[in-house]
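Q: Below are the structure tokens for one structure; questions will follow.
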Amino acid sequence: MLASPNRKSRFLGHGDIDVSFEFFPPKTEAMDETLWRSIRRLEPLNPNFISVTYGAGGSTRERTHAIVARILKETCLTPAAHLTCVDATREEVNAVIKEYWDIGVRHIVALRGDPAGGVGQLYTPTPGGYINAADLTAGIKAVAPFEVSVACYPEKHPESPSVDADIDMLWAKIDAGAIRAITQFFFDNEVFFRYLDRVRARGITIPIVPGIIPIHNFRQVSGFALKSGTSVPDWLGHRFDGLDNDQETRHLVAAAVAAEQVMGLADQGITEFHFYTLNRADLVYAICHLLGLRPVATEAKARAAS
Ligand SMILES: Cc1cc2nc3c(=O)[nH]c(=O)nc-3n(C[C@H](O)[C@H](O)[C@H](O)COP(=O)(O)OP(=O)(O)OC[C@H]3O[C@@H](n4cnc5c(N)ncnc54)[C@H](O)[C@@H]3O)c2cc1C
């Protein structure tokens, strides 16, 4: 199942592959320790950037900010702060953007965010707020010359009438200044390649970076997939079938599945990957190793404590 040594890979090693890692702000001290252990473990892989998500309606505003600030202060990594425009006025969002610029953040992942009532509810922009991710992207660029990444959807956004309408929105985000699009996660590489063809046929040339989610917990990830309109192929369910109470085997299967997906993409010439780490490093580290990444010496910045 893993890449055979005879397979003709298009990538040659570290110099050819760019990775980024996404984390979320944890709620407990124990989870916070896991987060920082994971960041430290992945740091030597020299990612292009690591991003920190922003909770619905700004619910993690302070925690996202604190993590991003600590990344800047204590690591060699380049942070990207996610930002949404749900439940906030332009002034409130602009204040967050300015704060990020002032502490040295130069990259924002601009998102509309999900409706306050949850995915599937009708999205209503906040009066006086940014109306969607394209509008937010323009607002960010008006505050300061940030690098802006945005989201895109190989299986279309659940609210979108069609893939083409969804690509119209991607165009709007690019016109507003986005220079990279990170995909919603997907499990069938053909879905990604079909989408990539359609995006390129529409004249979009910015990097479309596949978002990869290692399946630590099949039930949990299936739940995420259902909410986000991502299809879960039967063969994938079959691979995890009967493993609910067998964590060890599940973990090995998850590693094999993720490795197969990523190597399949790399074999078709994909060189950039964004990993939804779910704050865990082990599978992502192993997959990056398979991609040819090797730890580089990092000189951690002076820790706040020392
Ligand atoms: C890589 C990635 C990171 C994410 N990080 C976070 C995070 O940190 N915090 C969080 O809360 N959520 C996050 N999300 C989820 C995201 O907020 C939701 O998917 C949200 O529902 C849409 O956000 P968007 O930025 O894609 O919105 P937009 O691009 O504004 O819109 C999404 C879709 O809605 C439709 N649409 C929007 N406006 C219009 C319009 N004017 N006319 C017609 N159609 C329109 C289009 O189909 C469009 O593709 C992330 C998603 C991805 C893929």
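In the structure tokens, chains take letters A, B, ... by order of appearance, with residues numbered from 1 within each chain and ligands from 1 in the order shown.
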Show me which residues line ligand 1, defined as having an atom within 6 Å of a ligand atom where only C-alpha atoms and all ligand atoms count, and present them as a ChimeraX atom specification.

A: /A:53-56,82,111-114,132-134,151-152,157,159-160,166,169,182-184

Q: Please identify every residue of segment 238-261 of chain A that has at least one atom no farther than 8 Å from an atom of segment 275-287 of chain A, counting only C-alpha atoms, and for each give the shortest atom pair and the distance in Å to one decimal, arranged by chain then increasing number, as a tab-separated table.

A:
residue	atom	partner	partner_atom	distance
A:Ala254	CA	A:Leu283	CA	8.0
A:Ala255	CA	A:Leu283	CA	6.0
A:Ala258	CA	A:Ile287	CA	7.2
A:Ala259	CA	A:Ile287	CA	5.6

Q: Write a file of the just-selected residues containing all heavy atoms, as a tab-separated table (two decimals), in the first residue's frame.

A:
chain	number	residue	atom	x	y	z
A	254	ALA	N	-4.46	4.15	9.83
A	254	ALA	CA	-4.54	5.60	9.53
A	254	ALA	C	-3.25	6.07	8.88
A	254	ALA	O	-3.27	6.86	7.93
A	254	ALA	CB	-4.80	6.37	10.82
A	255	ALA	N	-2.13	5.57	9.37
A	255	ALA	CA	-0.84	5.97	8.79
A	255	ALA	C	-0.75	5.51	7.35
A	255	ALA	O	-0.33	6.26	6.45
A	255	ALA	CB	0.31	5.38	9.62
A	258	ALA	N	-3.20	7.61	5.08
A	258	ALA	CA	-2.72	8.97	4.82
A	258	ALA	C	-1.49	8.94	3.92
A	258	ALA	O	-1.34	9.77	3.01
A	258	ALA	CB	-2.41	9.68	6.14
A	259	ALA	N	-0.61	7.98	4.17
A	259	ALA	CA	0.60	7.87	3.34
A	259	ALA	C	0.23	7.59	1.89
A	259	ALA	O	0.76	8.20	0.96
A	259	ALA	CB	1.50	6.77	3.88

Q: Counting only C-alpha atoms, which of A:Arg200, A:Met263, A:Asp246, A:Phe224 gets nearest to His289 of chain A?

A: A:Met263

Q: Leaving out Pro47 of chain A and any residue of its chain fewer than 2 positions from it, which residues lie within 8 Å of it when counting only C-alpha atoms, given as a VMD selection string?

A: chain A and resid 18 to 21 43 45 49 to 50 77

Q: Which of segment 144-247 of chain A counts as helix (DSSP H, G or I) under DSSP, as a PyMOL selection string please?

A: chain A and resi 163-175+189-201+218-228+234-240+247

Q: Would you list, as a PDB file with all heavy atoms, in the first residue's frame, the residues of segment 26-94 of chain A that end up in strand (DSSP E or B) under DSSP run on this structure's backbone?

A:
ATOM      1  N   PHE A  49       4.698  27.367   6.781  1.00  0.00           N
ATOM      2  CA  PHE A  49       4.063  28.112   7.871  1.00  0.00           C
ATOM      3  C   PHE A  49       3.264  27.143   8.724  1.00  0.00           C
ATOM      4  O   PHE A  49       3.012  26.011   8.305  1.00  0.00           O
ATOM      5  CB  PHE A  49       3.150  29.231   7.332  1.00  0.00           C
ATOM      6  CG  PHE A  49       1.990  28.753   6.492  1.00  0.00           C
ATOM      7  CD1 PHE A  49       0.768  28.422   7.060  1.00  0.00           C
ATOM      8  CD2 PHE A  49       2.124  28.632   5.110  1.00  0.00           C
ATOM      9  CE1 PHE A  49      -0.299  27.985   6.291  1.00  0.00           C
ATOM     10  CE2 PHE A  49       1.055  28.189   4.324  1.00  0.00           C
ATOM     11  CZ  PHE A  49      -0.150  27.864   4.920  1.00  0.00           C
ATOM     12  N   ILE A  50       2.917  27.579   9.938  1.00  0.00           N
ATOM     13  CA  ILE A  50       1.939  26.800  10.697  1.00  0.00           C
ATOM     14  C   ILE A  50       0.775  27.739  11.009  1.00  0.00           C
ATOM     15  O   ILE A  50       0.979  28.922  11.296  1.00  0.00           O
ATOM     16  CB  ILE A  50       2.511  26.159  11.980  1.00  0.00           C
ATOM     17  CG1 ILE A  50       2.930  27.180  13.032  1.00  0.00           C
ATOM     18  CG2 ILE A  50       3.675  25.245  11.656  1.00  0.00           C
ATOM     19  CD1 ILE A  50       3.269  26.518  14.385  1.00  0.00           C
ATOM     20  N   SER A  51      -0.436  27.213  10.896  1.00  0.00           N
ATOM     21  CA  SER A  51      -1.587  28.096  11.064  1.00  0.00           C
ATOM     22  C   SER A  51      -2.376  27.700  12.307  1.00  0.00           C
ATOM     23  O   SER A  51      -2.343  26.550  12.745  1.00  0.00           O
ATOM     24  CB  SER A  51      -2.445  28.087   9.805  1.00  0.00           C
ATOM     25  OG  SER A  51      -3.178  26.898   9.718  1.00  0.00           O
ATOM     26  N   VAL A  52      -3.063  28.696  12.847  1.00  0.00           N
ATOM     27  CA  VAL A  52      -3.857  28.468  14.063  1.00  0.00           C
ATOM     28  C   VAL A  52      -5.284  28.909  13.787  1.00  0.00           C
ATOM     29  O   VAL A  52      -5.514  30.054  13.369  1.00  0.00           O
ATOM     30  CB  VAL A  52      -3.282  29.264  15.260  1.00  0.00           C
ATOM     31  CG1 VAL A  52      -4.066  28.947  16.537  1.00  0.00           C
ATOM     32  CG2 VAL A  52      -1.800  28.985  15.450  1.00  0.00           C
ATOM     33  N   PRO A  79       4.103  31.901  11.690  1.00  0.00           N
ATOM     34  CA  PRO A  79       2.683  31.620  11.943  1.00  0.00           C
ATOM     35  C   PRO A  79       1.771  32.257  10.911  1.00  0.00           C
ATOM     36  O   PRO A  79       2.096  33.297  10.325  1.00  0.00           O
ATOM     37  CB  PRO A  79       2.449  32.276  13.314  1.00  0.00           C
ATOM     38  CG  PRO A  79       3.412  33.415  13.367  1.00  0.00           C
ATOM     39  CD  PRO A  79       4.601  33.031  12.500  1.00  0.00           C
ATOM     40  N   ALA A  80       0.635  31.616  10.699  1.00  0.00           N
ATOM     41  CA  ALA A  80      -0.451  32.222   9.924  1.00  0.00           C
ATOM     42  C   ALA A  80      -1.672  32.173  10.825  1.00  0.00           C
ATOM     43  O   ALA A  80      -2.003  31.112  11.363  1.00  0.00           O
ATOM     44  CB  ALA A  80      -0.701  31.431   8.642  1.00  0.00           C
ATOM     45  N   ALA A  81      -2.303  33.326  11.017  1.00  0.00           N
ATOM     46  CA  ALA A  81      -3.465  33.378  11.905  1.00  0.00           C
ATOM     47  C   ALA A  81      -4.735  33.255  11.079  1.00  0.00           C
ATOM     48  O   ALA A  81      -4.935  34.008  10.132  1.00  0.00           O
ATOM     49  CB  ALA A  81      -3.467  34.699  12.664  1.00  0.00           C
ATOM     50  N   HIS A  82      -5.601  32.297  11.433  1.00  0.00           N
ATOM     51  CA  HIS A  82      -6.909  32.230  10.776  1.00  0.00           C
ATOM     52  C   HIS A  82      -7.758  33.360  11.352  1.00  0.00           C
ATOM     53  O   HIS A  82      -7.634  33.722  12.516  1.00  0.00           O
ATOM     54  CB  HIS A  82      -7.610  30.902  11.071  1.00  0.00           C
ATOM     55  CG  HIS A  82      -6.982  29.722  10.421  1.00  0.00           C
ATOM     56  ND1 HIS A  82      -7.714  28.694   9.875  1.00  0.00           N
ATOM     57  CD2 HIS A  82      -5.688  29.388  10.229  1.00  0.00           C
ATOM     58  CE1 HIS A  82      -6.911  27.776   9.371  1.00  0.00           C
ATOM     59  NE2 HIS A  82      -5.655  28.176   9.577  1.00  0.00           N
ATOM     60  N   LEU A  83      -8.644  33.879  10.501  1.00  0.00           N
ATOM     61  CA  LEU A  83      -9.524  34.953  10.940  1.00  0.00           C
ATOM     62  C   LEU A  83     -10.855  34.806  10.221  1.00  0.00           C
ATOM     63  O   LEU A  83     -10.883  34.540   9.014  1.00  0.00           O
ATOM     64  CB  LEU A  83      -8.877  36.304  10.605  1.00  0.00           C
ATOM     65  CG  LEU A  83      -9.602  37.556  11.073  1.00  0.00           C
ATOM     66  CD1 LEU A  83      -9.728  37.597  12.594  1.00  0.00           C
ATOM     67  CD2 LEU A  83      -8.847  38.802  10.601  1.00  0.00           C
ATOM     68  N   THR A  84     -11.948  34.947  10.961  1.00  0.00           N
ATOM     69  CA  THR A  84     -13.269  34.877  10.327  1.00  0.00           C
ATOM     70  C   THR A  84     -14.013  36.195  10.548  1.00  0.00           C
ATOM     71  O   THR A  84     -13.590  37.016  11.362  1.00  0.00           O
ATOM     72  CB  THR A  84     -14.136  33.737  10.916  1.00  0.00           C
ATOM     73  OG1 THR A  84     -14.499  34.073  12.258  1.00  0.00           O
ATOM     74  CG2 THR A  84     -13.410  32.407  10.909  1.00  0.00           C
TER      75      THR A  84
END

Q: From the options A:Glu147, A:Glu92, A:Glu74, A:Asp87, which residue's atoms come nearest to Ala181 of chain A, counting only C-alpha atoms?

A: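 Using only C-alpha atoms, the shortest distance to Ala181 of chain A belongs to A:Glu147.
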